[in-house]
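Since the structure comes first, as structure tokens, the remarks are kept for the end.
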Amino acid sequence: MSESGASAQLQAKVHFEKARQAAEAGGFDRAIEAYLEGLRLAPDDVSGGHIELRVLALQRLERGGTKPTAEEVTERLSAGTGPLDRMLNAEYLLAKDPNHVAYGEAVLRAAVAGGYHEAARWMADLMFLANNNAKKPSVDLYVLLKNSYRTIGQFERAVSACQRAILLKPHDRALLRDFKRLR
């Protein structure tokens with residue numbers, strides 16, 4: 001890791017610590033913002049940033065935290081041109097509504113586009129488990145997962161996602177072709 005990368009990681013940890021303190025004091029929304037500030041500096045910090053933000057989001061939901069307003073959704077989904085901004089804006093929405101699959105998909109797409117492979121793998125794994133456990137799994141989500149895993153070099157996981165998609169759509173020639181290419 002370069003000196004500037006190490007410095008950014010240290011600064012990110014300061015924000016993560018502020019987030020933990022805010023959460024302990026019941027300031028969930030302040031904590032979300034602090035985690036996002038840290039992730040802006042260290043977007044691939046899965047254990048210190050993304051996972052902790054996810055835990056916070058679930059605690060916030062458990063304690064009756066409100067979902068994002070329509071204005072927040074519109075603002076966050078239209079703001080930011082780069083992958084990092086898109087990832088953090090989607091993660092903000094996901095933190096406020098942790099069961100909203102489309103926000104997770106947006107985080108995943110942006111992480112892949114930005115080359116944040118660790119963040120992308122973590123979100124893809126989370127989405128894969130959620131889709132596996134869904135009452136009605138989504139073929140489209142499995143296809144997104146297949147493509148995302150392939151892009152970040154997780155070929156075994158890409159094969160698994162493709163297999164799940166094929167189970168739901170066994171006569172899809174494109175999926176069958178992709179499956180053969182992945183193996």
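Chain labels A, B, ... are given in the sequence in which chains occur in the structure tokens; within each chain residues are numbered consecutively from 1, and ligands are likewise numbered from 1 in the order shown.
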Nearby residues (only C-alpha atoms) at most 12 Å from Gly26 in chain A, same-chain spacing under 2 positions excluded, as a PyMOL selection string: chain A and resi 19-24+28-32+56+59-60+63-65
Just the selected residues (N, CA, C and O atoms), exported as a short mmCIF file (atom, residue, chain, number, x, y, z; two decimals), in the first residue's frame, please.
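Okay, result_28.cif is ready:
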data_model
loop_
_atom_site.label_atom_id
_atom_site.label_comp_id
_atom_site.auth_asym_id
_atom_site.auth_seq_id
_atom_site.Cartn_x
_atom_site.Cartn_y
_atom_site.Cartn_z
N ALA A 19 -18.24 7.09 13.59
CA ALA A 19 -19.51 6.44 13.28
C ALA A 19 -19.93 5.51 14.41
O ALA A 19 -21.09 5.52 14.83
N ARG A 20 -18.99 4.73 14.92
CA ARG A 20 -19.31 3.82 16.03
C ARG A 20 -19.77 4.60 17.25
O ARG A 20 -20.73 4.22 17.91
N GLN A 21 -19.09 5.70 17.53
CA GLN A 21 -19.46 6.52 18.69
C GLN A 21 -20.85 7.13 18.50
O GLN A 21 -21.65 7.16 19.44
N ALA A 22 -21.13 7.62 17.30
CA ALA A 22 -22.45 8.19 17.02
C ALA A 22 -23.54 7.14 17.17
O ALA A 22 -24.61 7.41 17.74
N ALA A 23 -23.28 5.94 16.68
CA ALA A 23 -24.26 4.86 16.78
C ALA A 23 -24.51 4.48 18.23
O ALA A 23 -25.66 4.27 18.63
N GLU A 24 -23.45 4.40 19.02
CA GLU A 24 -23.60 4.08 20.45
C GLU A 24 -24.44 5.11 21.17
O GLU A 24 -25.17 4.78 22.10
N PHE A 28 -27.99 7.32 14.68
CA PHE A 28 -27.81 6.42 13.55
C PHE A 28 -27.56 7.16 12.24
O PHE A 28 -26.72 6.76 11.43
N ASP A 29 -28.30 8.24 12.02
CA ASP A 29 -28.13 8.96 10.75
C ASP A 29 -26.77 9.64 10.67
O ASP A 29 -26.14 9.66 9.61
N ARG A 30 -26.29 10.18 11.80
CA ARG A 30 -24.92 10.75 11.84
C ARG A 30 -23.90 9.64 11.60
O ARG A 30 -22.89 9.85 10.93
N ALA A 31 -24.16 8.47 12.16
CA ALA A 31 -23.24 7.34 11.99
C ALA A 31 -23.18 6.91 10.53
O ALA A 31 -22.10 6.62 10.00
N ILE A 32 -24.32 6.90 9.85
CA ILE A 32 -24.34 6.54 8.43
C ILE A 32 -23.44 7.49 7.66
O ILE A 32 -22.60 7.07 6.86
N LEU A 56 -25.08 -1.53 11.35
CA LEU A 56 -25.76 -0.32 11.82
C LEU A 56 -27.13 -0.18 11.17
O LEU A 56 -28.12 0.13 11.83
N GLN A 59 -29.57 -2.52 12.76
CA GLN A 59 -29.92 -2.04 14.10
C GLN A 59 -30.89 -0.87 14.01
O GLN A 59 -31.87 -0.78 14.76
N ARG A 60 -30.61 0.03 13.08
CA ARG A 60 -31.47 1.20 12.87
C ARG A 60 -32.87 0.75 12.48
O ARG A 60 -33.87 1.27 12.98
N ARG A 63 -34.82 -0.66 15.36
CA ARG A 63 -35.26 0.37 16.31
C ARG A 63 -36.23 1.38 15.68
O ARG A 63 -36.44 2.45 16.22
N GLY A 64 -36.78 1.02 14.53
CA GLY A 64 -37.80 1.85 13.93
C GLY A 64 -37.30 2.97 13.04
O GLY A 64 -38.05 3.92 12.78
N GLY A 65 -36.08 2.88 12.58
CA GLY A 65 -35.54 3.91 11.69
C GLY A 65 -36.38 4.04 10.43
O GLY A 65 -36.89 3.05 9.91
#
All residues 9 Å or closer to Thr66 in chain A, only C-alpha atoms, same chain fewer than 3 positions away omitted, as a ChimeraX atom specification: /A:60-61,69,96-97
Spatial neighbours of Pro137 in chain A, max dist 10 Å, only C-alpha atoms, sep filter under 3 positions, as a list in words: Phe128, Ala130, Asn131, Asn132, Asn133, Ala134, Asp140, Leu141, Tyr142, Arg164, Ala165 and Leu168 of chain A
Output the selection as an mmCIF file, in the first residue's frame - N, CA, C and O atoms for each residue.
data_model
loop_
_atom_site.group_PDB
_atom_site.id
_atom_site.type_symbol
_atom_site.label_atom_id
_atom_site.label_comp_id
_atom_site.auth_asym_id
_atom_site.auth_seq_id
_atom_site.Cartn_x
_atom_site.Cartn_y
_atom_site.Cartn_z
ATOM 1 N N PHE A 128 -26.392 -12.541 -3.369
ATOM 2 C CA PHE A 128 -26.545 -13.945 -3.756
ATOM 3 C C PHE A 128 -27.309 -14.706 -2.667
ATOM 4 O O PHE A 128 -28.265 -15.433 -2.953
ATOM 5 N N ALA A 130 -29.271 -13.429 -0.357
ATOM 6 C CA ALA A 130 -30.637 -12.907 -0.268
ATOM 7 C C ALA A 130 -31.503 -13.496 -1.379
ATOM 8 O O ALA A 130 -32.662 -13.879 -1.134
ATOM 9 N N ASN A 131 -30.968 -13.578 -2.578
ATOM 10 C CA ASN A 131 -31.739 -14.122 -3.693
ATOM 11 C C ASN A 131 -31.991 -15.618 -3.507
ATOM 12 O O ASN A 131 -33.082 -16.110 -3.811
ATOM 13 N N ASN A 132 -31.003 -16.326 -2.988
ATOM 14 C CA ASN A 132 -31.182 -17.761 -2.713
ATOM 15 C C ASN A 132 -32.306 -17.991 -1.705
ATOM 16 O O ASN A 132 -33.034 -18.982 -1.798
ATOM 17 N N ASN A 133 -32.433 -17.087 -0.735
ATOM 18 C CA ASN A 133 -33.419 -17.248 0.333
ATOM 19 C C ASN A 133 -34.762 -16.588 0.024
ATOM 20 O O ASN A 133 -35.690 -16.701 0.830
ATOM 21 N N ALA A 134 -34.862 -15.915 -1.101
ATOM 22 C CA ALA A 134 -36.109 -15.235 -1.466
ATOM 23 C C ALA A 134 -37.192 -16.249 -1.808
ATOM 24 O O ALA A 134 -36.904 -17.323 -2.342
ATOM 25 N N ASP A 140 -32.999 -12.181 -13.122
ATOM 26 C CA ASP A 140 -32.228 -10.991 -13.476
ATOM 27 C C ASP A 140 -31.128 -10.708 -12.461
ATOM 28 O O ASP A 140 -30.021 -10.313 -12.832
ATOM 29 N N LEU A 141 -31.426 -10.923 -11.179
ATOM 30 C CA LEU A 141 -30.402 -10.702 -10.160
ATOM 31 C C LEU A 141 -29.283 -11.731 -10.301
ATOM 32 O O LEU A 141 -28.097 -11.384 -10.198
ATOM 33 N N TYR A 142 -29.629 -12.986 -10.563
ATOM 34 C CA TYR A 142 -28.580 -13.993 -10.769
ATOM 35 C C TYR A 142 -27.713 -13.640 -11.973
ATOM 36 O O TYR A 142 -26.495 -13.835 -11.950
ATOM 37 N N ARG A 164 -27.763 -21.077 -10.853
ATOM 38 C CA ARG A 164 -29.033 -20.715 -10.218
ATOM 39 C C ARG A 164 -29.993 -20.094 -11.234
ATOM 40 O O ARG A 164 -31.184 -20.365 -11.211
ATOM 41 N N ALA A 165 -29.460 -19.259 -12.115
ATOM 42 C CA ALA A 165 -30.297 -18.642 -13.151
ATOM 43 C C ALA A 165 -30.855 -19.713 -14.078
ATOM 44 O O ALA A 165 -32.037 -19.669 -14.453
ATOM 45 N N LEU A 168 -33.855 -21.524 -12.866
ATOM 46 C CA LEU A 168 -35.094 -20.763 -13.002
ATOM 47 C C LEU A 168 -35.538 -20.604 -14.450
ATOM 48 O O LEU A 168 -36.722 -20.405 -14.720
#
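Minimum atom-to-atom distances from A:Lys18, A:Arg121, A:Arg157, A:Lys13 to Arg40 in chain A were compared using only C-alpha atoms, and the lowest value belongs to A:Lys13.
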